[in-house]
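Participant: My structure is in start.cif, and what it holds is mmCIF, N, CA and C atoms:
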```cif
data_upload
loop_
_atom_site.label_atom_id
_atom_site.label_comp_id
_atom_site.auth_asym_id
_atom_site.auth_seq_id
_atom_site.Cartn_x
_atom_site.Cartn_y
_atom_site.Cartn_z
N MET A 31 -0.30 173.57 136.86
CA MET A 31 0.97 173.53 136.16
C MET A 31 1.80 174.74 136.60
N ILE A 32 3.09 174.53 136.72
CA ILE A 32 4.04 175.58 137.07
C ILE A 32 4.74 176.04 135.80
N ALA A 33 4.91 177.34 135.64
CA ALA A 33 5.69 177.91 134.53
C ALA A 33 6.97 178.49 135.12
N VAL A 34 8.03 178.49 134.32
CA VAL A 34 9.33 178.98 134.77
C VAL A 34 9.72 180.20 133.94
N ASP A 35 10.08 181.27 134.64
CA ASP A 35 10.49 182.52 134.01
C ASP A 35 11.98 182.47 133.65
N THR A 36 12.37 183.39 132.81
CA THR A 36 13.72 183.48 132.28
C THR A 36 14.80 183.46 133.34
N ASN A 37 14.65 184.26 134.39
CA ASN A 37 15.74 184.39 135.36
C ASN A 37 16.06 183.07 136.05
N ILE A 38 15.07 182.27 136.32
CA ILE A 38 15.32 180.97 136.95
C ILE A 38 16.08 180.07 135.97
N LEU A 39 15.72 180.14 134.69
CA LEU A 39 16.42 179.36 133.66
C LEU A 39 17.88 179.80 133.55
N VAL A 40 18.10 181.10 133.55
CA VAL A 40 19.47 181.62 133.46
C VAL A 40 20.29 181.16 134.66
N TYR A 41 19.73 181.29 135.86
CA TYR A 41 20.46 180.88 137.06
C TYR A 41 20.78 179.39 137.05
N ALA A 42 19.86 178.58 136.51
CA ALA A 42 20.08 177.13 136.45
C ALA A 42 21.12 176.74 135.41
N HIS A 43 21.41 177.64 134.49
CA HIS A 43 22.37 177.38 133.42
C HIS A 43 23.76 177.91 133.74
N ARG A 44 23.82 179.09 134.30
CA ARG A 44 25.11 179.77 134.52
C ARG A 44 25.71 179.35 135.86
N GLU A 45 26.77 178.56 135.79
CA GLU A 45 27.43 178.08 137.02
C GLU A 45 28.03 179.22 137.83
N ASP A 46 28.24 180.38 137.20
CA ASP A 46 28.79 181.53 137.92
C ASP A 46 27.71 182.34 138.64
N SER A 47 26.47 181.90 138.55
CA SER A 47 25.38 182.58 139.26
C SER A 47 25.41 182.17 140.73
N PRO A 48 25.21 183.12 141.63
CA PRO A 48 25.15 182.75 143.06
C PRO A 48 23.92 181.88 143.37
N PHE A 49 22.96 181.83 142.45
CA PHE A 49 21.74 181.05 142.64
C PHE A 49 21.76 179.74 141.86
N TYR A 50 22.91 179.41 141.27
CA TYR A 50 23.02 178.26 140.39
C TYR A 50 22.52 176.97 141.04
N ASP A 51 23.05 176.61 142.20
CA ASP A 51 22.68 175.34 142.83
C ASP A 51 21.18 175.26 143.11
N ALA A 52 20.63 176.31 143.69
CA ALA A 52 19.20 176.30 144.03
C ALA A 52 18.33 176.25 142.77
N ALA A 53 18.69 177.03 141.77
CA ALA A 53 17.90 177.05 140.53
C ALA A 53 18.00 175.73 139.78
N LEU A 54 19.19 175.17 139.73
CA LEU A 54 19.37 173.88 139.06
C LEU A 54 18.54 172.80 139.76
N HIS A 55 18.54 172.82 141.07
CA HIS A 55 17.74 171.86 141.84
C HIS A 55 16.25 172.00 141.48
N CYS A 56 15.76 173.22 141.44
CA CYS A 56 14.34 173.47 141.12
C CYS A 56 13.98 172.95 139.74
N ILE A 57 14.79 173.30 138.75
CA ILE A 57 14.51 172.89 137.37
C ILE A 57 14.63 171.37 137.23
N THR A 58 15.62 170.79 137.86
CA THR A 58 15.80 169.34 137.79
C THR A 58 14.59 168.62 138.38
N GLU A 59 14.09 169.10 139.51
CA GLU A 59 12.90 168.48 140.11
C GLU A 59 11.70 168.55 139.17
N LEU A 60 11.50 169.70 138.54
CA LEU A 60 10.39 169.83 137.60
C LEU A 60 10.58 168.89 136.41
N ALA A 61 11.78 168.90 135.85
CA ALA A 61 12.04 168.12 134.63
C ALA A 61 11.94 166.62 134.86
N GLU A 62 12.26 166.19 136.06
CA GLU A 62 12.24 164.76 136.35
C GLU A 62 10.90 164.28 136.92
N SER A 63 10.00 165.21 137.16
CA SER A 63 8.68 164.86 137.69
C SER A 63 7.76 164.40 136.56
N THR A 64 6.72 163.69 136.93
CA THR A 64 5.71 163.31 135.93
C THR A 64 4.65 164.39 135.77
N ALA A 65 4.63 165.35 136.70
CA ALA A 65 3.66 166.45 136.62
C ALA A 65 4.07 167.42 135.51
N ALA A 66 3.08 167.92 134.79
CA ALA A 66 3.35 168.89 133.73
C ALA A 66 3.94 170.17 134.32
N TRP A 67 4.92 170.72 133.63
CA TRP A 67 5.51 172.01 133.95
C TRP A 67 5.68 172.74 132.63
N SER A 68 5.97 174.03 132.66
CA SER A 68 5.99 174.76 131.40
C SER A 68 7.04 175.85 131.37
N ILE A 69 7.40 176.18 130.14
CA ILE A 69 8.25 177.34 129.86
C ILE A 69 7.58 178.10 128.72
N PRO A 70 7.29 179.38 128.92
CA PRO A 70 6.78 180.18 127.80
C PRO A 70 7.87 180.36 126.74
N TRP A 71 7.52 180.22 125.48
CA TRP A 71 8.50 180.41 124.41
C TRP A 71 9.27 181.73 124.53
N PRO A 72 8.61 182.84 124.86
CA PRO A 72 9.37 184.09 124.99
C PRO A 72 10.48 184.01 126.05
N CYS A 73 10.30 183.18 127.07
CA CYS A 73 11.33 183.02 128.10
C CYS A 73 12.54 182.26 127.54
N LEU A 74 12.30 181.31 126.65
CA LEU A 74 13.43 180.63 126.01
C LEU A 74 14.19 181.58 125.10
N HIS A 75 13.47 182.43 124.37
CA HIS A 75 14.13 183.42 123.52
C HIS A 75 14.98 184.37 124.37
N GLU A 76 14.39 184.86 125.45
CA GLU A 76 15.10 185.78 126.33
C GLU A 76 16.29 185.10 127.00
N PHE A 77 16.11 183.84 127.44
CA PHE A 77 17.21 183.08 128.01
C PHE A 77 18.39 183.06 127.05
N PHE A 78 18.12 182.70 125.80
CA PHE A 78 19.18 182.60 124.80
C PHE A 78 19.87 183.96 124.61
N ALA A 79 19.08 185.01 124.53
CA ALA A 79 19.63 186.36 124.33
C ALA A 79 20.53 186.77 125.50
N ILE A 80 20.14 186.45 126.70
CA ILE A 80 20.90 186.86 127.89
C ILE A 80 22.20 186.06 128.02
N VAL A 81 22.10 184.73 127.98
CA VAL A 81 23.30 183.93 128.27
C VAL A 81 24.36 184.00 127.18
N THR A 82 23.97 184.39 125.98
CA THR A 82 24.96 184.51 124.89
C THR A 82 25.43 185.93 124.67
N HIS A 83 24.95 186.86 125.48
CA HIS A 83 25.29 188.28 125.29
C HIS A 83 26.64 188.61 125.95
N PRO A 84 27.61 189.08 125.18
CA PRO A 84 28.95 189.35 125.74
C PRO A 84 29.00 190.52 126.72
N ARG A 85 27.98 191.38 126.74
CA ARG A 85 27.98 192.47 127.71
C ARG A 85 27.29 192.06 129.01
N VAL A 86 26.61 190.92 128.98
CA VAL A 86 25.96 190.43 130.20
C VAL A 86 26.88 189.45 130.92
N TYR A 87 27.48 188.54 130.17
CA TYR A 87 28.37 187.54 130.75
C TYR A 87 29.71 187.56 130.05
N LYS A 88 30.76 187.47 130.86
CA LYS A 88 32.13 187.39 130.35
C LYS A 88 32.77 186.15 130.94
N PRO A 89 32.92 185.10 130.23
CA PRO A 89 32.51 184.94 128.83
C PRO A 89 31.04 184.55 128.74
N PRO A 90 30.40 184.88 127.62
CA PRO A 90 29.02 184.44 127.43
C PRO A 90 28.99 182.94 127.15
N SER A 91 27.83 182.37 127.28
CA SER A 91 27.67 180.97 126.88
C SER A 91 27.80 180.88 125.36
N ALA A 92 28.50 179.87 124.91
CA ALA A 92 28.61 179.65 123.47
C ALA A 92 27.23 179.30 122.92
N ILE A 93 27.00 179.65 121.67
CA ILE A 93 25.70 179.36 121.04
C ILE A 93 25.36 177.88 121.16
N ALA A 94 26.33 177.03 120.86
CA ALA A 94 26.08 175.58 120.92
C ALA A 94 25.71 175.13 122.34
N VAL A 95 26.32 175.74 123.33
CA VAL A 95 26.03 175.40 124.74
C VAL A 95 24.62 175.86 125.10
N ALA A 96 24.23 177.05 124.66
CA ALA A 96 22.87 177.54 124.93
C ALA A 96 21.83 176.68 124.22
N PHE A 97 22.11 176.31 122.96
CA PHE A 97 21.22 175.39 122.23
C PHE A 97 21.05 174.09 123.01
N LYS A 98 22.16 173.53 123.45
CA LYS A 98 22.15 172.24 124.17
C LYS A 98 21.32 172.35 125.45
N GLN A 99 21.47 173.47 126.16
CA GLN A 99 20.70 173.65 127.40
C GLN A 99 19.21 173.64 127.11
N ILE A 100 18.78 174.41 126.13
CA ILE A 100 17.36 174.46 125.78
C ILE A 100 16.87 173.08 125.35
N GLU A 101 17.65 172.41 124.53
CA GLU A 101 17.26 171.08 124.05
C GLU A 101 17.19 170.06 125.18
N THR A 102 18.04 170.22 126.18
CA THR A 102 17.98 169.34 127.35
C THR A 102 16.66 169.54 128.09
N TRP A 103 16.27 170.78 128.30
CA TRP A 103 14.97 171.03 128.94
C TRP A 103 13.84 170.47 128.10
N MET A 104 13.95 170.62 126.79
CA MET A 104 12.89 170.15 125.90
C MET A 104 12.75 168.63 125.90
N GLU A 105 13.78 167.93 126.35
CA GLU A 105 13.72 166.47 126.44
C GLU A 105 12.86 165.98 127.60
N SER A 106 12.54 166.86 128.52
CA SER A 106 11.68 166.47 129.64
C SER A 106 10.30 166.13 129.09
N PRO A 107 9.84 164.89 129.30
CA PRO A 107 8.54 164.49 128.74
C PRO A 107 7.35 165.24 129.34
N SER A 108 7.55 165.85 130.49
CA SER A 108 6.45 166.56 131.13
C SER A 108 6.44 168.06 130.81
N LEU A 109 7.39 168.53 130.00
CA LEU A 109 7.46 169.96 129.67
C LEU A 109 6.40 170.32 128.63
N VAL A 110 5.74 171.45 128.89
CA VAL A 110 4.78 172.04 127.95
C VAL A 110 5.32 173.41 127.58
N LEU A 111 5.56 173.63 126.29
CA LEU A 111 6.02 174.94 125.82
C LEU A 111 4.80 175.80 125.53
N LEU A 112 4.76 176.98 126.14
CA LEU A 112 3.58 177.85 126.03
C LEU A 112 3.74 178.82 124.86
N ALA A 113 2.77 178.76 123.95
CA ALA A 113 2.78 179.62 122.77
C ALA A 113 1.41 180.26 122.57
N GLU A 114 1.40 181.30 121.77
CA GLU A 114 0.15 181.98 121.44
C GLU A 114 -0.66 181.12 120.46
N HIS A 115 -1.98 181.21 120.61
CA HIS A 115 -2.91 180.56 119.68
C HIS A 115 -3.86 181.63 119.16
N ASP A 116 -4.74 181.29 118.27
CA ASP A 116 -5.63 182.27 117.65
C ASP A 116 -6.45 183.07 118.65
N ASP A 117 -6.87 182.44 119.73
CA ASP A 117 -7.71 183.14 120.70
C ASP A 117 -6.91 183.78 121.85
N TYR A 118 -5.60 183.85 121.71
CA TYR A 118 -4.73 184.42 122.73
C TYR A 118 -4.96 185.93 122.92
N TRP A 119 -5.28 186.63 121.85
CA TRP A 119 -5.38 188.08 121.89
C TRP A 119 -6.28 188.58 123.02
N MET A 120 -7.42 187.95 123.22
CA MET A 120 -8.34 188.44 124.25
C MET A 120 -7.74 188.30 125.65
N THR A 121 -6.98 187.26 125.88
CA THR A 121 -6.31 187.10 127.18
C THR A 121 -5.25 188.18 127.36
N PHE A 122 -4.44 188.37 126.33
CA PHE A 122 -3.39 189.40 126.39
C PHE A 122 -4.00 190.78 126.60
N ARG A 123 -5.05 191.07 125.86
CA ARG A 123 -5.73 192.37 125.97
C ARG A 123 -6.26 192.59 127.39
N ALA A 124 -6.83 191.56 127.98
CA ALA A 124 -7.37 191.67 129.34
C ALA A 124 -6.26 191.92 130.35
N VAL A 125 -5.11 191.27 130.18
CA VAL A 125 -3.97 191.48 131.09
C VAL A 125 -3.49 192.94 131.00
N ILE A 126 -3.38 193.46 129.79
CA ILE A 126 -2.93 194.84 129.60
C ILE A 126 -3.95 195.82 130.19
N ALA A 127 -5.22 195.59 129.91
CA ALA A 127 -6.27 196.48 130.42
C ALA A 127 -6.27 196.52 131.95
N ALA A 128 -6.12 195.37 132.57
CA ALA A 128 -6.15 195.30 134.04
C ALA A 128 -4.90 195.89 134.68
N SER A 129 -3.75 195.65 134.07
CA SER A 129 -2.49 196.09 134.69
C SER A 129 -2.05 197.48 134.26
N GLN A 130 -2.53 197.92 133.10
CA GLN A 130 -2.16 199.22 132.54
C GLN A 130 -0.66 199.36 132.28
N VAL A 131 0.02 198.25 132.03
CA VAL A 131 1.45 198.33 131.73
C VAL A 131 1.66 198.76 130.29
N THR A 132 2.82 199.37 130.05
CA THR A 132 3.20 199.81 128.71
C THR A 132 4.70 199.59 128.55
N GLY A 133 5.21 199.88 127.38
CA GLY A 133 6.64 199.83 127.13
C GLY A 133 7.25 198.48 127.41
N PRO A 134 8.41 198.46 128.06
CA PRO A 134 9.13 197.20 128.30
C PRO A 134 8.37 196.19 129.15
N ARG A 135 7.42 196.63 129.95
CA ARG A 135 6.65 195.71 130.80
C ARG A 135 5.67 194.85 129.99
N ILE A 136 5.52 195.16 128.71
CA ILE A 136 4.66 194.35 127.85
C ILE A 136 5.19 192.92 127.78
N HIS A 137 6.50 192.75 127.85
CA HIS A 137 7.07 191.40 127.84
C HIS A 137 6.54 190.59 129.02
N ASP A 138 6.52 191.19 130.21
CA ASP A 138 6.00 190.50 131.39
C ASP A 138 4.51 190.21 131.22
N ALA A 139 3.78 191.16 130.65
CA ALA A 139 2.35 190.94 130.41
C ALA A 139 2.13 189.78 129.45
N ARG A 140 2.99 189.65 128.48
CA ARG A 140 2.90 188.54 127.54
C ARG A 140 3.09 187.20 128.25
N ILE A 141 4.06 187.16 129.17
CA ILE A 141 4.31 185.93 129.94
C ILE A 141 3.07 185.59 130.78
N VAL A 142 2.53 186.57 131.46
CA VAL A 142 1.34 186.36 132.29
C VAL A 142 0.17 185.90 131.42
N ALA A 143 -0.03 186.54 130.28
CA ALA A 143 -1.14 186.16 129.40
C ALA A 143 -0.97 184.73 128.89
N LEU A 144 0.25 184.36 128.53
CA LEU A 144 0.49 182.98 128.09
C LEU A 144 0.19 182.00 129.21
N CYS A 145 0.61 182.34 130.42
CA CYS A 145 0.35 181.47 131.56
C CYS A 145 -1.15 181.32 131.80
N ARG A 146 -1.86 182.41 131.82
CA ARG A 146 -3.31 182.36 132.03
C ARG A 146 -3.99 181.56 130.92
N HIS A 147 -3.59 181.84 129.70
CA HIS A 147 -4.18 181.20 128.53
C HIS A 147 -4.03 179.68 128.57
N HIS A 148 -2.96 179.21 129.19
CA HIS A 148 -2.69 177.77 129.25
C HIS A 148 -3.01 177.16 130.61
N GLY A 149 -3.64 177.93 131.49
CA GLY A 149 -4.07 177.39 132.77
C GLY A 149 -2.97 177.18 133.78
N VAL A 150 -1.89 177.93 133.67
CA VAL A 150 -0.79 177.83 134.64
C VAL A 150 -1.28 178.36 135.98
N ARG A 151 -0.98 177.63 137.04
CA ARG A 151 -1.42 178.04 138.38
C ARG A 151 -0.37 178.84 139.12
N GLU A 152 0.91 178.71 138.70
CA GLU A 152 2.00 179.35 139.44
C GLU A 152 3.16 179.64 138.50
N LEU A 153 3.70 180.85 138.60
CA LEU A 153 4.87 181.24 137.82
C LEU A 153 6.05 181.35 138.77
N TRP A 154 7.13 180.62 138.44
CA TRP A 154 8.35 180.72 139.24
C TRP A 154 9.24 181.79 138.64
N SER A 155 9.54 182.79 139.44
CA SER A 155 10.36 183.91 138.98
C SER A 155 11.01 184.60 140.17
N ALA A 156 12.18 185.18 139.93
CA ALA A 156 12.82 186.03 140.93
C ALA A 156 12.59 187.50 140.61
N ASP A 157 11.71 187.77 139.67
CA ASP A 157 11.42 189.12 139.19
C ASP A 157 10.20 189.68 139.94
N ARG A 158 10.39 190.75 140.66
CA ARG A 158 9.31 191.36 141.44
C ARG A 158 8.31 192.11 140.57
N ASP A 159 8.66 192.38 139.32
CA ASP A 159 7.76 193.13 138.44
C ASP A 159 6.44 192.41 138.18
N PHE A 160 6.40 191.12 138.40
CA PHE A 160 5.16 190.39 138.16
C PHE A 160 4.09 190.70 139.20
N SER A 161 4.44 191.44 140.24
CA SER A 161 3.44 191.82 141.25
C SER A 161 2.39 192.75 140.66
N ARG A 162 2.66 193.34 139.51
CA ARG A 162 1.68 194.21 138.84
C ARG A 162 0.47 193.44 138.35
N PHE A 163 0.62 192.14 138.25
CA PHE A 163 -0.44 191.30 137.71
C PHE A 163 -1.04 190.51 138.86
N GLY A 164 -1.91 191.18 139.61
CA GLY A 164 -2.41 190.72 140.89
C GLY A 164 -2.88 189.30 141.02
N ASP A 165 -3.54 188.76 140.01
CA ASP A 165 -4.11 187.43 140.21
C ASP A 165 -3.20 186.31 139.72
N MET A 166 -1.99 186.63 139.28
CA MET A 166 -1.02 185.59 138.90
C MET A 166 -0.19 185.26 140.14
N ARG A 167 -0.24 184.01 140.55
CA ARG A 167 0.56 183.59 141.71
C ARG A 167 2.01 183.46 141.26
N VAL A 168 2.86 184.29 141.83
CA VAL A 168 4.29 184.28 141.49
C VAL A 168 5.06 183.86 142.72
N VAL A 169 5.93 182.86 142.54
CA VAL A 169 6.72 182.31 143.63
C VAL A 169 8.19 182.35 143.24
N ASN A 170 9.03 182.81 144.17
CA ASN A 170 10.47 182.72 143.96
C ASN A 170 10.92 181.43 144.63
N PRO A 171 11.19 180.38 143.83
CA PRO A 171 11.53 179.10 144.42
C PRO A 171 12.92 179.07 145.05
N LEU A 172 13.69 180.13 144.86
CA LEU A 172 15.04 180.19 145.39
C LEU A 172 15.08 180.66 146.83
N VAL A 173 13.96 181.13 147.36
CA VAL A 173 13.92 181.64 148.74
C VAL A 173 12.90 180.92 149.60
N ARG A 174 12.57 179.73 149.24
CA ARG A 174 11.58 178.96 150.03
C ARG A 174 12.12 178.61 151.38
#
```
Give the structure from the file, written as structure tokens.
Facilitator:
Amino acid sequence: MIAVDTNILVYAHREDSPFYDAALHCITELAESTAAWSIPWPCLHEFFAIVTHPRVYKPPSAIAVAFKQIETWMESPSLVLLAEHDDYWMTFRAVIAASQVTGPRIHDARIVALCRHHGVRELWSADRDFSRFGDMRVVNPLVR
């Protein structure tokens, strides 16, 4: 299963992004496929925070537009939303212990732990910070 990180979601949503066409194509292919794909819940939260933030985008996406975008992705029958479960802690703890990340990088560790916990084989992201988590295969689908 492939998981999609926040930045790819943002690029696929914001028409003013220089990566809009490529990101939209990637997400559309996943959403229209019968193969399972995933979005970690924290990435949806972060997506919403970024696209509606007036200091990030001028103009920001309207709340209703951001809601609609998320709900459109959620309509994909093959989408799996990744969330924490009772036994998630041990996976998260192992990711932190191995990577030794702290502070703001904990968000990335959470994404990696959710992916591992749910058996994700590949994370699509344009964020190089995921290289800290050596055994997570990270692919930037925008530069294939």
Participant: Please report, as a count of residues only, each residue of chain A to which DSSP assigns alpha helix (DSSP H) when run on this structure's backbone.
Facilitator: 68
Participant: Quick one, how far is atom CA of A:His75 from atom CA of A:Arg140?
Facilitator: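 Separation of atom CA of A:His75 and atom CA of A:Arg140: 13.0 Å.
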Participant: What does the distance between atom CA of A:Ile141 and atom C of A:Trp71 come to in Å, to one decimal place?
Facilitator: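 Value for the atom CA of A:Ile141-atom C of A:Trp71 distance: 8.5 Å.
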Participant: For the atom pair atom C of A:Val169 and atom CA of A:Leu54, what is the interatomic distance in Å to one decimal place?
Facilitator: 14.6 Å
Participant: Near A:Ala79, counting only C-alpha atoms, which residues have an atom at most 12 Å away, once you skip same-chain residues fewer than 6 positions from it, shown as a ChimeraX atom specification?
Facilitator: /A:36-37,40,72-73,85-87,90-93,96-97
Participant: Those selected residues, please, written with N, CA and C atoms and delivered as a PDB file, in the frame of the given file.
Facilitator:
```pdb
ATOM      1  N   THR A  36      12.370 183.390 132.810  1.00  0.00           N
ATOM      2  CA  THR A  36      13.720 183.480 132.280  1.00  0.00           C
ATOM      3  C   THR A  36      14.800 183.460 133.340  1.00  0.00           C
ATOM      4  N   ASN A  37      14.650 184.260 134.390  1.00  0.00           N
ATOM      5  CA  ASN A  37      15.740 184.390 135.360  1.00  0.00           C
ATOM      6  C   ASN A  37      16.060 183.070 136.050  1.00  0.00           C
ATOM      7  N   VAL A  40      18.100 181.100 133.550  1.00  0.00           N
ATOM      8  CA  VAL A  40      19.470 181.620 133.460  1.00  0.00           C
ATOM      9  C   VAL A  40      20.290 181.160 134.660  1.00  0.00           C
ATOM     10  N   PRO A  72       8.610 182.840 124.860  1.00  0.00           N
ATOM     11  CA  PRO A  72       9.370 184.090 124.990  1.00  0.00           C
ATOM     12  C   PRO A  72      10.480 184.010 126.050  1.00  0.00           C
ATOM     13  N   CYS A  73      10.300 183.180 127.070  1.00  0.00           N
ATOM     14  CA  CYS A  73      11.330 183.020 128.100  1.00  0.00           C
ATOM     15  C   CYS A  73      12.540 182.260 127.540  1.00  0.00           C
ATOM     16  N   ARG A  85      27.980 191.380 126.740  1.00  0.00           N
ATOM     17  CA  ARG A  85      27.980 192.470 127.710  1.00  0.00           C
ATOM     18  C   ARG A  85      27.290 192.060 129.010  1.00  0.00           C
ATOM     19  N   VAL A  86      26.610 190.920 128.980  1.00  0.00           N
ATOM     20  CA  VAL A  86      25.960 190.430 130.200  1.00  0.00           C
ATOM     21  C   VAL A  86      26.880 189.450 130.920  1.00  0.00           C
ATOM     22  N   TYR A  87      27.480 188.540 130.170  1.00  0.00           N
ATOM     23  CA  TYR A  87      28.370 187.540 130.750  1.00  0.00           C
ATOM     24  C   TYR A  87      29.710 187.560 130.050  1.00  0.00           C
ATOM     25  N   PRO A  90      30.400 184.880 127.620  1.00  0.00           N
ATOM     26  CA  PRO A  90      29.020 184.440 127.430  1.00  0.00           C
ATOM     27  C   PRO A  90      28.990 182.940 127.150  1.00  0.00           C
ATOM     28  N   SER A  91      27.830 182.370 127.280  1.00  0.00           N
ATOM     29  CA  SER A  91      27.670 180.970 126.880  1.00  0.00           C
ATOM     30  C   SER A  91      27.800 180.880 125.360  1.00  0.00           C
ATOM     31  N   ALA A  92      28.500 179.870 124.910  1.00  0.00           N
ATOM     32  CA  ALA A  92      28.610 179.650 123.470  1.00  0.00           C
ATOM     33  C   ALA A  92      27.230 179.300 122.920  1.00  0.00           C
ATOM     34  N   ILE A  93      27.000 179.650 121.670  1.00  0.00           N
ATOM     35  CA  ILE A  93      25.700 179.360 121.040  1.00  0.00           C
ATOM     36  C   ILE A  93      25.360 177.880 121.160  1.00  0.00           C
ATOM     37  N   ALA A  96      24.230 177.050 124.660  1.00  0.00           N
ATOM     38  CA  ALA A  96      22.870 177.540 124.930  1.00  0.00           C
ATOM     39  C   ALA A  96      21.830 176.680 124.220  1.00  0.00           C
ATOM     40  N   PHE A  97      22.110 176.310 122.960  1.00  0.00           N
ATOM     41  CA  PHE A  97      21.220 175.390 122.230  1.00  0.00           C
ATOM     42  C   PHE A  97      21.050 174.090 123.010  1.00  0.00           C
TER      43      PHE A  97
END
```
Participant: To test your reading of the syntax: which residues would the PyMOL selection byres (((chain A and resi 99 and name CA) around 12) and name CA) return for the file shown? Reply as a list in words.
Facilitator: Leu39, Val40, Ala42, His43, Arg44, Leu54, Ile57, Leu74, Phe77, Phe78, Val81, Thr82, Ser91, Ala92, Ile93, Ala94, Val95, Ala96, Phe97, Lys98, Ile100, Glu101, Thr102, Trp103, Met104, Glu105 and Ser106 of chain A
Participant: For stretch 146-157 of chain A, please output as a list in words all residues within 5 Å (counting only N, CA and C atoms; exclusion window: fewer than 4 positions along the same chain).
Facilitator: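 That gives Met31, Ile32, Ala33, Val34, Asp35, Val142, Arg167, Val168, Val169 and Asn170 of chain A.
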Participant: What would the file look like if the residues just selected were written as a compact mmCIF listing (two decimals), keeping the file's coordinate frame with N, CA and C atoms?
Facilitator:
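Now in part-v7.txt:
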```txt
# COMPACT_ATOMS: atom_id res chain seq x y z
N MET A 31 -0.30 173.57 136.86
CA MET A 31 0.97 173.53 136.16
C MET A 31 1.80 174.74 136.60
N ILE A 32 3.09 174.53 136.72
CA ILE A 32 4.04 175.58 137.07
C ILE A 32 4.74 176.04 135.80
N ALA A 33 4.91 177.34 135.64
CA ALA A 33 5.69 177.91 134.53
C ALA A 33 6.97 178.49 135.12
N VAL A 34 8.03 178.49 134.32
CA VAL A 34 9.33 178.98 134.77
C VAL A 34 9.72 180.20 133.94
N ASP A 35 10.08 181.27 134.64
CA ASP A 35 10.49 182.52 134.01
C ASP A 35 11.98 182.47 133.65
N VAL A 142 2.53 186.57 131.46
CA VAL A 142 1.34 186.36 132.29
C VAL A 142 0.17 185.90 131.42
N ARG A 167 -0.24 184.01 140.55
CA ARG A 167 0.56 183.59 141.71
C ARG A 167 2.01 183.46 141.26
N VAL A 168 2.86 184.29 141.83
CA VAL A 168 4.29 184.28 141.49
C VAL A 168 5.06 183.86 142.72
N VAL A 169 5.93 182.86 142.54
CA VAL A 169 6.72 182.31 143.63
C VAL A 169 8.19 182.35 143.24
N ASN A 170 9.03 182.81 144.17
CA ASN A 170 10.47 182.72 143.96
C ASN A 170 10.92 181.43 144.63
```
Participant: Expand the PyMOL selection byres ((chain A and resi 110) around 6.5) into the individual residues it matches in the shown file, reporting them as number ranges by chain.
Facilitator: A: 66-70, 107-109, 111-112
Participant: With distances taken over only C-alpha atoms, which of A:Pro171, A:Ile38, A:Arg135, A:Ala143 is nearest to A:Trp119?
Facilitator: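 Answer, going by the shortest atom-to-atom distance: A:Ala143.
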Participant: For the PyMOL selection byres ((chain A and resi 162) around 8), applied here, can you spell out every residue it catches as an NGL selection string?
Facilitator: :A and (128-131 or 158-161 or 163-166)
Participant: Convert the current residue selection to file output with N, CA and C atoms, as a PDB file, keeping the file's coordinate frame.
Facilitator:
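This is the output file part-v5.pdb:
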```
ATOM      1  N   ALA A 128      -6.120 195.370 132.570  1.00  0.00           N
ATOM      2  CA  ALA A 128      -6.150 195.300 134.040  1.00  0.00           C
ATOM      3  C   ALA A 128      -4.900 195.890 134.680  1.00  0.00           C
ATOM      4  N   SER A 129      -3.750 195.650 134.070  1.00  0.00           N
ATOM      5  CA  SER A 129      -2.490 196.090 134.690  1.00  0.00           C
ATOM      6  C   SER A 129      -2.050 197.480 134.260  1.00  0.00           C
ATOM      7  N   GLN A 130      -2.530 197.920 133.100  1.00  0.00           N
ATOM      8  CA  GLN A 130      -2.160 199.220 132.540  1.00  0.00           C
ATOM      9  C   GLN A 130      -0.660 199.360 132.280  1.00  0.00           C
ATOM     10  N   VAL A 131       0.020 198.250 132.030  1.00  0.00           N
ATOM     11  CA  VAL A 131       1.450 198.330 131.730  1.00  0.00           C
ATOM     12  C   VAL A 131       1.660 198.760 130.290  1.00  0.00           C
ATOM     13  N   ARG A 158      10.390 190.750 140.660  1.00  0.00           N
ATOM     14  CA  ARG A 158       9.310 191.360 141.440  1.00  0.00           C
ATOM     15  C   ARG A 158       8.310 192.110 140.570  1.00  0.00           C
ATOM     16  N   ASP A 159       8.660 192.380 139.320  1.00  0.00           N
ATOM     17  CA  ASP A 159       7.760 193.130 138.440  1.00  0.00           C
ATOM     18  C   ASP A 159       6.440 192.410 138.180  1.00  0.00           C
ATOM     19  N   PHE A 160       6.400 191.120 138.400  1.00  0.00           N
ATOM     20  CA  PHE A 160       5.160 190.390 138.160  1.00  0.00           C
ATOM     21  C   PHE A 160       4.090 190.700 139.200  1.00  0.00           C
ATOM     22  N   SER A 161       4.440 191.440 140.240  1.00  0.00           N
ATOM     23  CA  SER A 161       3.440 191.820 141.250  1.00  0.00           C
ATOM     24  C   SER A 161       2.390 192.750 140.660  1.00  0.00           C
ATOM     25  N   PHE A 163       0.620 192.140 138.250  1.00  0.00           N
ATOM     26  CA  PHE A 163      -0.440 191.300 137.710  1.00  0.00           C
ATOM     27  C   PHE A 163      -1.040 190.510 138.860  1.00  0.00           C
ATOM     28  N   GLY A 164      -1.910 191.180 139.610  1.00  0.00           N
ATOM     29  CA  GLY A 164      -2.410 190.720 140.890  1.00  0.00           C
ATOM     30  C   GLY A 164      -2.880 189.300 141.020  1.00  0.00           C
ATOM     31  N   ASP A 165      -3.540 188.760 140.010  1.00  0.00           N
ATOM     32  CA  ASP A 165      -4.110 187.430 140.210  1.00  0.00           C
ATOM     33  C   ASP A 165      -3.200 186.310 139.720  1.00  0.00           C
ATOM     34  N   MET A 166      -1.990 186.630 139.280  1.00  0.00           N
ATOM     35  CA  MET A 166      -1.020 185.590 138.900  1.00  0.00           C
ATOM     36  C   MET A 166      -0.190 185.260 140.140  1.00  0.00           C
TER      37      MET A 166
END
```
Participant: Ranking A:Tyr41, A:Ser47, A:Leu144, A:Val173 by minimum distance to A:Ala113 and counting all atoms listed in the file, which one comes first?
Facilitator: A:Leu144
Participant: If I wrap all listed atoms of stretch 102-115 of chain A in a box with edges along x, y and z and add 4 Å on each side, what are its centre and edge lengths in Å to one decimal, as JSON?
Facilitator:
```
{"center_x": 7.1, "center_y": 173.2, "center_z": 125.1, "size_x": 29.9, "size_y": 25.5, "size_z": 20.0}
```
